[in-house]
file query-v7.cif (mmCIF, C-alpha atoms)
data_protein
#
loop_
_atom_site.group_PDB
_atom_site.id
_atom_site.type_symbol
_atom_site.label_atom_id
_atom_site.label_comp_id
_atom_site.auth_asym_id
_atom_site.auth_seq_id
_atom_site.Cartn_x
_atom_site.Cartn_y
_atom_site.Cartn_z
ATOM 1 C CA THR A 1 142.717 49.874 131.595
ATOM 2 C CA PHE A 2 145.646 52.255 131.134
ATOM 3 C CA ALA A 3 143.645 54.615 128.875
ATOM 4 C CA THR A 4 140.757 54.709 131.346
ATOM 5 C CA GLY A 5 143.209 55.706 134.082
ATOM 6 C CA VAL A 6 144.710 58.427 131.887
ATOM 7 C CA GLU A 7 141.256 59.904 131.321
ATOM 8 C CA LYS A 8 140.962 60.378 135.103
ATOM 9 C CA LEU A 9 144.213 62.362 135.381
ATOM 10 C CA ASP A 10 144.409 66.107 135.864
ATOM 11 C CA PRO A 11 144.598 68.059 132.606
ATOM 12 C CA GLY A 12 148.146 68.585 131.461
ATOM 13 C CA ILE A 13 151.029 67.328 129.358
ATOM 14 C CA TYR A 14 152.543 64.000 130.352
ATOM 15 C CA VAL A 15 155.615 62.234 129.043
ATOM 16 C CA VAL A 16 154.960 58.525 128.605
ATOM 17 C CA GLY A 17 157.652 55.894 128.403
ATOM 18 C CA LEU A 18 156.676 52.709 126.615
ATOM 19 C CA ASP A 19 158.540 49.454 126.092
ATOM 20 C CA THR A 20 159.903 50.631 122.710
ATOM 21 C CA HIS A 21 158.928 54.297 122.470
ATOM 22 C CA VAL A 22 158.621 57.672 124.232
ATOM 23 C CA ALA A 23 155.760 60.090 123.580
ATOM 24 C CA PHE A 24 153.531 62.790 125.019
ATOM 25 C CA ILE A 25 149.979 62.441 126.273
ATOM 26 C CA VAL A 26 147.905 65.611 126.470
ATOM 27 C CA VAL A 27 144.962 65.251 128.854
ATOM 28 C CA ARG A 28 142.227 67.777 128.131
ATOM 29 C CA ASP A 29 139.801 69.456 130.515
ATOM 30 C CA ASP A 30 136.993 67.163 129.320
ATOM 31 C CA GLY A 31 138.959 64.014 130.284
ATOM 32 C CA THR A 32 139.852 62.991 126.739
ATOM 33 C CA PHE A 33 143.470 62.704 125.708
ATOM 34 C CA ARG A 34 145.725 62.874 122.668
ATOM 35 C CA PHE A 35 148.770 60.665 122.068
ATOM 36 C CA ILE A 36 151.512 62.657 120.316
ATOM 37 C CA HIS A 37 154.611 60.902 119.033
ATOM 38 C CA SER A 38 156.983 60.459 116.149
ATOM 39 C CA SER A 39 155.841 57.480 114.102
ATOM 40 C CA GLY A 40 158.351 54.731 113.404
ATOM 41 C CA SER A 41 156.354 53.639 110.367
ATOM 42 C CA ARG A 42 153.971 55.286 107.926
ATOM 43 C CA PRO A 43 153.393 58.221 107.844
ATOM 44 C CA TRP A 44 156.999 58.717 109.134
ATOM 45 C CA CYS A 45 156.300 61.981 110.949
ATOM 46 C CA VAL A 46 154.932 63.384 114.201
ATOM 47 C CA VAL A 47 151.342 62.277 114.691
ATOM 48 C CA ASP A 48 148.549 63.412 117.004
ATOM 49 C CA GLU A 49 146.257 60.461 117.722
ATOM 50 C CA SER A 50 143.076 59.861 119.683
ATOM 51 C CA ARG A 51 142.701 57.039 122.196
ATOM 52 C CA THR A 52 141.357 54.707 119.512
ATOM 53 C CA GLN A 53 144.055 55.588 116.966
ATOM 54 C CA ALA A 54 146.971 55.176 119.399
ATOM 55 C CA THR A 55 148.003 51.629 118.461
ATOM 56 C CA VAL A 56 151.592 52.088 119.729
ATOM 57 C CA LEU A 57 150.170 52.952 123.149
ATOM 58 C CA GLN A 58 147.687 50.073 123.005
ATOM 59 C CA ARG A 59 150.328 47.472 122.070
ATOM 60 C CA SER A 60 152.942 48.489 124.619
ATOM 61 C CA LYS A 61 153.450 46.004 127.437
ATOM 62 C CA TRP A 62 155.039 48.612 129.726
ATOM 63 C CA ARG A 63 154.080 52.228 130.476
ATOM 64 C CA MET A 64 155.402 54.979 132.750
ATOM 65 C CA LEU A 65 153.896 58.471 133.063
ATOM 66 C CA GLY A 66 155.351 61.741 134.283
ATOM 67 C CA ASN A 67 153.378 64.975 134.517
ATOM 68 C CA LEU A 68 155.426 67.698 132.825
ATOM 69 C CA THR A 69 152.981 70.459 133.729
ATOM 70 C CA ALA A 70 152.486 69.753 137.442
ATOM 71 C CA SER A 71 155.337 72.015 138.546
ATOM 72 C CA PRO A 72 155.527 75.715 137.633
ATOM 73 C CA ALA A 73 159.321 75.573 138.145
ATOM 74 C CA VAL A 74 159.680 72.723 135.624
ATOM 75 C CA LEU A 75 157.446 74.545 133.121
ATOM 76 C CA LYS A 76 159.593 77.665 133.413
ATOM 77 C CA ARG A 77 162.786 75.667 132.803
ATOM 78 C CA TRP A 78 161.181 73.879 129.828
ATOM 79 C CA ARG A 79 160.024 77.150 128.234
ATOM 80 C CA ASN A 80 163.485 78.635 128.725
ATOM 81 C CA ALA A 81 165.237 75.558 127.239
ATOM 82 C CA GLU A 82 167.094 74.995 130.515
ATOM 83 C CA LYS A 83 168.325 71.658 131.842
ATOM 84 C CA ILE A 84 165.839 69.900 134.105
ATOM 85 C CA PRO A 85 167.575 67.810 136.763
ATOM 86 C CA VAL A 86 166.181 64.310 137.241
ATOM 87 C CA HIS A 87 166.666 62.490 140.516
ATOM 88 C CA GLY A 88 166.463 58.688 140.615
ATOM 89 C CA THR A 89 166.223 56.277 143.469
#
call {"tool": "encode", "arguments": {"input": "query-v7.cif", "output": "structure tokens"}}
result
Amino acid sequence: TFATGVEKLDPGIYVVGLDTHVAFIVVRDDGTFRFIHSSGSRPWCVVDESRTQATVLQRSKWRMLGNLTASPAVLKRWRNAEKIPVHGT
């Protein structure tokens, strides 16, 4: 259900918080997405996985998404390695 919802999102780069992990999801223009994260097991490196390969995403019981590319101001700060203020409720 989560993956189907992600495929309906606007193209962009999203940060995804999981119950035991943080990663990026890149939604493409064609509606497909890639799950990019640092693996905590083999192969012990950053991996770029398809929907079907993303077992960490599939097994997570909790997920939160934030669109990193929705705001030109945030993108500019990110590119310039500047602090990005986060406001909570």
call {"tool": "closest_residue", "arguments": {"input": "query-v7.cif", "among": "A:Ile36, A:Trp44, A:Thr1, A:Leu9", "to": "A:Val22", "atoms": "all atoms listed in the file"}}
result
A:Ile36
call {"tool": "closest_residue", "arguments": {"input": "query-v7.cif", "among": "A:Asn80, A:Thr4, A:Asn67, A:Ser60", "to": "A:His21", "atoms": "all atoms listed in the file"}}
result
A:Ser60
call {"tool": "residues_around", "arguments": {"input": "query-v7.cif", "residues": "A:Met64", "least_positions_apart": "3", "cutoff": "8 Å", "atoms": "all atoms listed in the file", "output": "number ranges by chain"}}
result
A: 16-18
call {"tool": "atom_distance", "arguments": {"input": "query-v7.cif", "atom1": "atom CA of A:Ile25", "atom2": "atom CA of A:Val56"}}
result
12.4 Å
call {"tool": "closest_residue", "arguments": {"input": "query-v7.cif", "among": "A:Glu49, A:Asp10, A:Asp19, A:Asp29", "to": "A:Gly66", "atoms": "all atoms listed in the file"}}
result
A:Asp10
call {"tool": "closest_residue", "arguments": {"input": "query-v7.cif", "among": "A:Leu68, A:Arg79, A:Ser38, A:Val86", "to": "A:Ile13", "atoms": "only C-alpha atoms"}}
result
A:Leu68
call {"tool": "residues_around", "arguments": {"input": "query-v7.cif", "residues": "A:Lys83", "least_positions_apart": "5", "cutoff": "12 Å", "atoms": "only C-alpha atoms", "output": "list in words"}}
result
Ala73, Val74, Leu75, Lys76, Arg77 and Trp78 of chain A
call {"tool": "closest_residue", "arguments": {"input": "query-v7.cif", "among": "A:Thr52, A:His87, A:Val46, A:Glu82", "to": "A:Phe24", "atoms": "all atoms listed in the file"}}
result
A:Val46
call {"tool": "residues_around", "arguments": {"input": "query-v7.cif", "residues": "A:Gln58", "least_positions_apart": "6", "cutoff": "9 Å", "atoms": "all atoms listed in the file", "output": "list in words"}}
result
Phe2, Ala3, Arg51 and Thr52 of chain A
call {"tool": "atom_distance", "arguments": {"input": "query-v7.cif", "atom1": "atom CA of A:Thr20", "atom2": "atom CA of A:Glu7"}}
result
22.5 Å
call {"tool": "atom_distance", "arguments": {"input": "query-v7.cif", "atom1": "atom CA of A:Arg59", "atom2": "atom CA of A:Val6"}}
result
15.7 Å
call {"tool": "closest_residue", "arguments": {"input": "query-v7.cif", "among": "A:Pro85, A:Lys8, A:Ser50, A:Leu57", "to": "A:Ala23", "atoms": "all atoms listed in the file"}}
result
A:Leu57
call {"tool": "residues_near_point", "arguments": {"input": "query-v7.cif", "point": "(153.1, 52.5, 114.0)", "cutoff": "9 Å", "atoms": "only C-alpha atoms", "output": "PDB file with C-alpha atoms, keeping the file's coordinate frame"}}
result
ATOM      1  CA  SER A  39     155.841  57.480 114.102  1.00  0.00           C
ATOM      2  CA  GLY A  40     158.351  54.731 113.404  1.00  0.00           C
ATOM      3  CA  SER A  41     156.354  53.639 110.367  1.00  0.00           C
ATOM      4  CA  ARG A  42     153.971  55.286 107.926  1.00  0.00           C
ATOM      5  CA  PRO A  43     153.393  58.221 107.844  1.00  0.00           C
ATOM      6  CA  TRP A  44     156.999  58.717 109.134  1.00  0.00           C
ATOM      7  CA  ALA A  54     146.971  55.176 119.399  1.00  0.00           C
ATOM      8  CA  THR A  55     148.003  51.629 118.461  1.00  0.00           C
ATOM      9  CA  VAL A  56     151.592  52.088 119.729  1.00  0.00           C
TER      10      VAL A  56
END
call {"tool": "resolve_selection", "arguments": {"input": "query-v7.cif", "expression": "the PyMOL selection byres ((chain A and resi 27) around 6)", "output": "list of chain:residue names"}}
result
A:Pro11, A:Gly12, A:Val26, A:Arg28, A:Thr32, A:Phe33
call {"tool": "axis_aligned_box", "arguments": {"input": "query-v7.cif", "around": "stretch 47-66 of chain A", "padding_each_side": "3 Å", "output": "lines of an AutoDock Vina configuration file"}}
result
center_x = 148.4
center_y = 54.7
center_z = 124.5
size_x = 20.0
size_y = 23.4
size_z = 25.6
call {"tool": "residues_around", "arguments": {"input": "query-v7.cif", "residues": "A:Asp48", "least_positions_apart": "5", "cutoff": "7 Å", "atoms": "all atoms listed in the file", "output": "list in words"}}
result
Arg34, Phe35, Ile36 and His37 of chain A
